[in-house]
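Q: The structure follows.
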2 protein chains.
Amino acid sequence: MKILFEISYVGSAYHGFQVQKTLPTVQRTVQTALEKIYGCPLLVSGCSRTDAGVHARRFFLTAEGEICDAPPCEAIPFIAPRYLPDDIAVLSARNVSDDFHVRYDVLYKEYRYFIYNAPHMDPFLSKRAYHFPKPLDEHRMNRAAQYLCKRADFSSYMAKGSDVIDTVREIKYCTVERNGDMITVKIAADGFLYNMVRIISGTLLEVGTGAKNPEEIDEITSSKRRERAGRTLPPDGLYLWKVEYKNPDGAEQNEE
Amino acid sequence: MKILFEISYVGSAYHGFQVQKTLPTVQRTVQTALEKIYGCPLLVSGCSRTDAGVHARRFFLTAEGEICDAPPCEAIPFIAPRYLPDDIAVLSARNVSDDFHVRYDVLYKEYRYFIYNAPHMDPFLSKRAYHFPKPLDEHRMNRAAQYLCKRADFSSYMAKGSDVIDTVREIKYCTVERNGDMITVKIAADGFLYNMVRIISGTLLEVGTGAKNPEEIDEITSSKRRERAGRTLPPDGLYLWKVEYKNPDGAEQNEE
């Protein structure tokens, strides 16, 4: 039996999603909780490998195992808080067919990067947004973002040390908006390279300060050289926001 | 020399504002930071004694001492982050006359209590709002709140163990609003009794569930019996939001 869970988490206390040998991760924490709830060992897979300190508004994972005598899916969001810390919540659970794959069946994912652009930091946004105190022009940033909306080799925006071979991705949309002191970078793609959103946000930030021109983006992208892009912004401002599946009905068809 | 500081803090890690023998408090943390910045011992006084876990969007405190060779007031918000943890920020600093009193000169204070009214908790609101999963009627709650807007003996809404003798306070306004899943209780008064906002919010919550009628509020107030009111809601949802001084010009007149 395979169950699809929609969860939300504050990433600050975790070393990312994926299980690591000794460090606390979201996967290990959720797996421990679900194994207690279902009373059997489970194979847990996530839709993405978020980094240490990165948050998720919406994150999907599947659990597979010899589940019998389990509580109904509708009850899980209400039962889960007893087994989970306050920084992780289960929003929904539903049965899916065995051939549904939580990672490969993703159509696109949307990440958001929050830049708090005010002279001093708001303590309520500590670890929840990146603080940048100097003025940023969000209109320039948004113009620059439009040059990224295409299918291309985005290796200029990939951190070194990644062993990915195919570095071509399709960015469906990328926008920059301001709401008061908060600047939000929204970026959706069929897949992301290592640290891609944080490097793109760092590059757009340099456009916002005036250090780079919006028109330079095409050149940076086609150079395929990491050093042409901006710096990697810290994980605190990054949120996995939305995940769209290729066949959402496929994910639901096996519901009982 | 007396300097007035406007600060903001996330209260979760502190045992309230006021210094206690061994426990970490906001006052001790801020005092240590300011003494390093000003290089001399300081007498620090706050506008209110917030409880353990209570937050402050706006909080005022004064520091007095033999300050000489100090950085200019305008620079303090930019210097302070080097000496303070991320959960406390200095928003402004200004010189005030020696007869300004940060606590006695308050005209009124506004507190807000946030109730997250959805089936399951949002992990991003953990320790930042109180979670109540059953339906609440905010219109009923707001009708009930109007019965509190007066000068009265509010001892029904005072926690036991307080040694305050005069329990008459004037509530200037009290409103209940909903914005999506968030219900906000706003309450402004010339002074507050021990746990008053948390007990009033707990009483309004019982009106919201239907357990009490809005019209009962007058009776609860005039009974002067704590057990007639609702329970004390947890500190997580409570924020000191605004502080108005009797003579704001008085606070500013000595600026240099």
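Chain labels run A, B, ... following the order of the structure tokens; each chain numbers its residues from 1, and ligands are numbered from 1 in the order shown.
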Select all residues from chain A having any atom no more than 6 Å from an atom of chain B (counting only C-alpha atoms, ignoring ligands), output as a list of chain:residue names.

A: A:Asp86, A:Asp87, A:Ile88, A:Pro123

Q: How would the residues just picked look written out with C-alpha atoms as a short mmCIF file (atom, residue, chain, number, x, y, z; two decimals), in the first residue's frame?

A:
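Full text of part-v6.cif as output:
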data_model
loop_
_atom_site.label_atom_id
_atom_site.label_comp_id
_atom_site.auth_asym_id
_atom_site.auth_seq_id
_atom_site.Cartn_x
_atom_site.Cartn_y
_atom_site.Cartn_z
CA ASP A 86 5.37 21.63 16.23
CA ASP A 87 7.48 22.59 13.22
CA ILE A 88 6.06 19.82 10.98
CA PRO A 123 12.83 39.72 14.68
#

Q: Would you please extract all alpha helix (DSSP H) residues from region 104-240 of chain B, as assigned by DSSP on the backbone, and give them as a PyMOL selection string?

A: chain B and resi 138-146+196-209+216-223

Q: Could you check which of A:Val54, A:Leu238, A:Val19, A:Ala63 is closest to Ile37 (chain A), using only C-alpha atoms?

A: A:Ala63

Q: So which one's closest to Ser12 (chain B), B:Tyr239, B:Tyr245, B:Tyr157, B:Tyr108? Using only C-alpha atoms, please.

A: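 That would be B:Tyr239, the residue with the smallest distance to Ser12 (chain B).
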
Q: Quick one: of A:Arg112, A:Ala75, A:Leu4, A:Ala33, who's nearest to Asp98 (chain A), counting only C-alpha atoms?

A: A:Leu4

Q: Please identify which residues in region 30-88 of chain A DSSP calls strand (DSSP E) from the backbone, and express them as a list in words.

A: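 Filtering region 30-88 of chain A down to strand (DSSP E) leaves Leu43, Val44, Ser45, Gly46, His55, Ala56, Arg57, Arg58, Phe59, Phe60, Leu61, Thr62, Ala63, Glu64 and Ile88 of chain A.
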
Q: With C-alpha atoms kept, could you save the residues just selected as a PDB file, in the first residue's frame?

A:
ATOM      1  CA  LEU A  43       9.720   3.225   2.987  1.00  0.00           C
ATOM      2  CA  VAL A  44       9.452   7.035   2.843  1.00  0.00           C
ATOM      3  CA  SER A  45      10.259   9.056  -0.318  1.00  0.00           C
ATOM      4  CA  GLY A  46      10.029  12.837  -0.795  1.00  0.00           C
ATOM      5  CA  HIS A  55      11.249  25.587   4.513  1.00  0.00           C
ATOM      6  CA  ALA A  56       8.261  23.948   2.832  1.00  0.00           C
ATOM      7  CA  ARG A  57       4.771  25.402   2.645  1.00  0.00           C
ATOM      8  CA  ARG A  58       3.734  22.301   0.669  1.00  0.00           C
ATOM      9  CA  PHE A  59       5.834  19.153   0.413  1.00  0.00           C
ATOM     10  CA  PHE A  60       4.738  15.718  -0.769  1.00  0.00           C
ATOM     11  CA  LEU A  61       6.027  12.357   0.374  1.00  0.00           C
ATOM     12  CA  THR A  62       4.906   8.771   0.007  1.00  0.00           C
ATOM     13  CA  ALA A  63       5.097   5.954   2.523  1.00  0.00           C
ATOM     14  CA  GLU A  64       4.972   2.312   1.493  1.00  0.00           C
ATOM     15  CA  ILE A  88       6.059  19.818  10.981  1.00  0.00           C
TER      16      ILE A  88
END

Q: Which value, in Å to one decimal, gives the distance between CA of Phe5 (chain A) and CA of Leu84 (chain A)?

A: 13.9 Å

Q: Mind pulling up the distance from CA of His139 (chain B) to CA of Tyr116 (chain B)?

A: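 CA of His139 (chain B) lies at a distance of 15.8 Å from CA of Tyr116 (chain B).
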
Q: So which one's closest to Asp166 (chain B), B:Ile79, B:Val30, B:Gly191, B:Lys242? Using only C-alpha atoms, please.

A: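 Looking only at the distances to Asp166 (chain B), the closest residue turns out to be B:Gly191.
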
Q: Pick the closest to Trp241 (chain B) from B:Thr50, B:Ser97, B:Gln146, B:Ser155: which is it, counting only C-alpha atoms?

A: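 When distances to Trp241 (chain B) are compared using only C-alpha atoms, the smallest one comes from B:Thr50.
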
Q: Excluding same-chain residues fewer than 5 positions from Phe154 (chain A), what lies within 7 Å of it counting only C-alpha atoms, as a PyMOL selection string?

A: chain A and resi 167-169+221+224

Q: Could you write out that same residue set with N, CA and C atoms as a PDB file, in the first residue's frame?

A:
ATOM      1  N   THR A 167      21.921  19.426 -17.407  1.00  0.00           N
ATOM      2  CA  THR A 167      21.663  20.670 -16.677  1.00  0.00           C
ATOM      3  C   THR A 167      20.643  21.561 -17.394  1.00  0.00           C
ATOM      4  N   VAL A 168      19.875  20.944 -18.306  1.00  0.00           N
ATOM      5  CA  VAL A 168      18.824  21.688 -18.999  1.00  0.00           C
ATOM      6  C   VAL A 168      17.538  21.596 -18.180  1.00  0.00           C
ATOM      7  N   ARG A 169      16.901  22.738 -17.938  1.00  0.00           N
ATOM      8  CA  ARG A 169      15.639  22.778 -17.202  1.00  0.00           C
ATOM      9  C   ARG A 169      14.721  23.775 -17.890  1.00  0.00           C
ATOM     10  N   THR A 221      23.440  33.364 -18.416  1.00  0.00           N
ATOM     11  CA  THR A 221      22.912  32.014 -18.629  1.00  0.00           C
ATOM     12  C   THR A 221      23.731  31.287 -19.696  1.00  0.00           C
ATOM     13  N   LYS A 224      27.364  29.653 -19.089  1.00  0.00           N
ATOM     14  CA  LYS A 224      27.483  28.391 -18.344  1.00  0.00           C
ATOM     15  C   LYS A 224      28.624  28.437 -17.328  1.00  0.00           C
TER      16      LYS A 224
END

Q: For Phe17 (chain B), list every protein, DNA or RNA residue within 8 Å, evaluated using only C-alpha atoms, and leave out those in the same chain fewer than 6 positions away; present the list as a compact mmCIF listing (two decimals) with N, CA and C atoms, in the first residue's frame.

A:
# COMPACT_ATOMS: atom_id res chain seq x y z
N THR B 25 15.73 36.71 30.56
CA THR B 25 14.63 37.64 30.30
C THR B 25 15.06 38.64 29.24
N VAL B 26 14.06 39.31 28.65
CA VAL B 26 14.35 40.32 27.63
C VAL B 26 15.14 41.47 28.26
N GLN B 27 14.74 41.88 29.46
CA GLN B 27 15.40 43.00 30.12
C GLN B 27 16.89 42.73 30.32
N GLY B 46 11.19 49.07 31.77
CA GLY B 46 10.31 48.76 30.65
C GLY B 46 8.92 49.34 30.84
N SER B 48 6.17 47.76 30.45
CA SER B 48 5.21 46.72 30.81
C SER B 48 5.99 45.49 31.27
N ARG B 49 5.33 44.65 32.07
CA ARG B 49 5.94 43.38 32.44
C ARG B 49 5.27 42.28 31.65
N THR B 50 5.79 41.97 30.48
CA THR B 50 5.15 40.89 29.72
C THR B 50 5.55 39.56 30.36
N ASP B 51 4.66 38.59 30.23
CA ASP B 51 4.88 37.25 30.81
C ASP B 51 5.78 36.39 29.92
N ALA B 52 6.19 35.27 30.46
CA ALA B 52 6.99 34.30 29.71
C ALA B 52 6.26 33.92 28.42

Q: Determine, counting only C-alpha atoms, which protein, DNA and RNA residues have an atom within 6 Å of an atom of region 193-202 of chain B; residues of the same chain fewer than 4 positions away are not included. Present the result as a list in words.

A: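 The contact residues come out as Tyr157, Met158, Ala159, Gly230, Arg231, Thr232 and Leu233 of chain B.
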
Q: Smallest atom-to-atom distance to Cys149 (chain A): which of A:Lys186, A:Lys2, A:Lys134, A:Arg103, using only C-alpha atoms?

A: A:Lys186
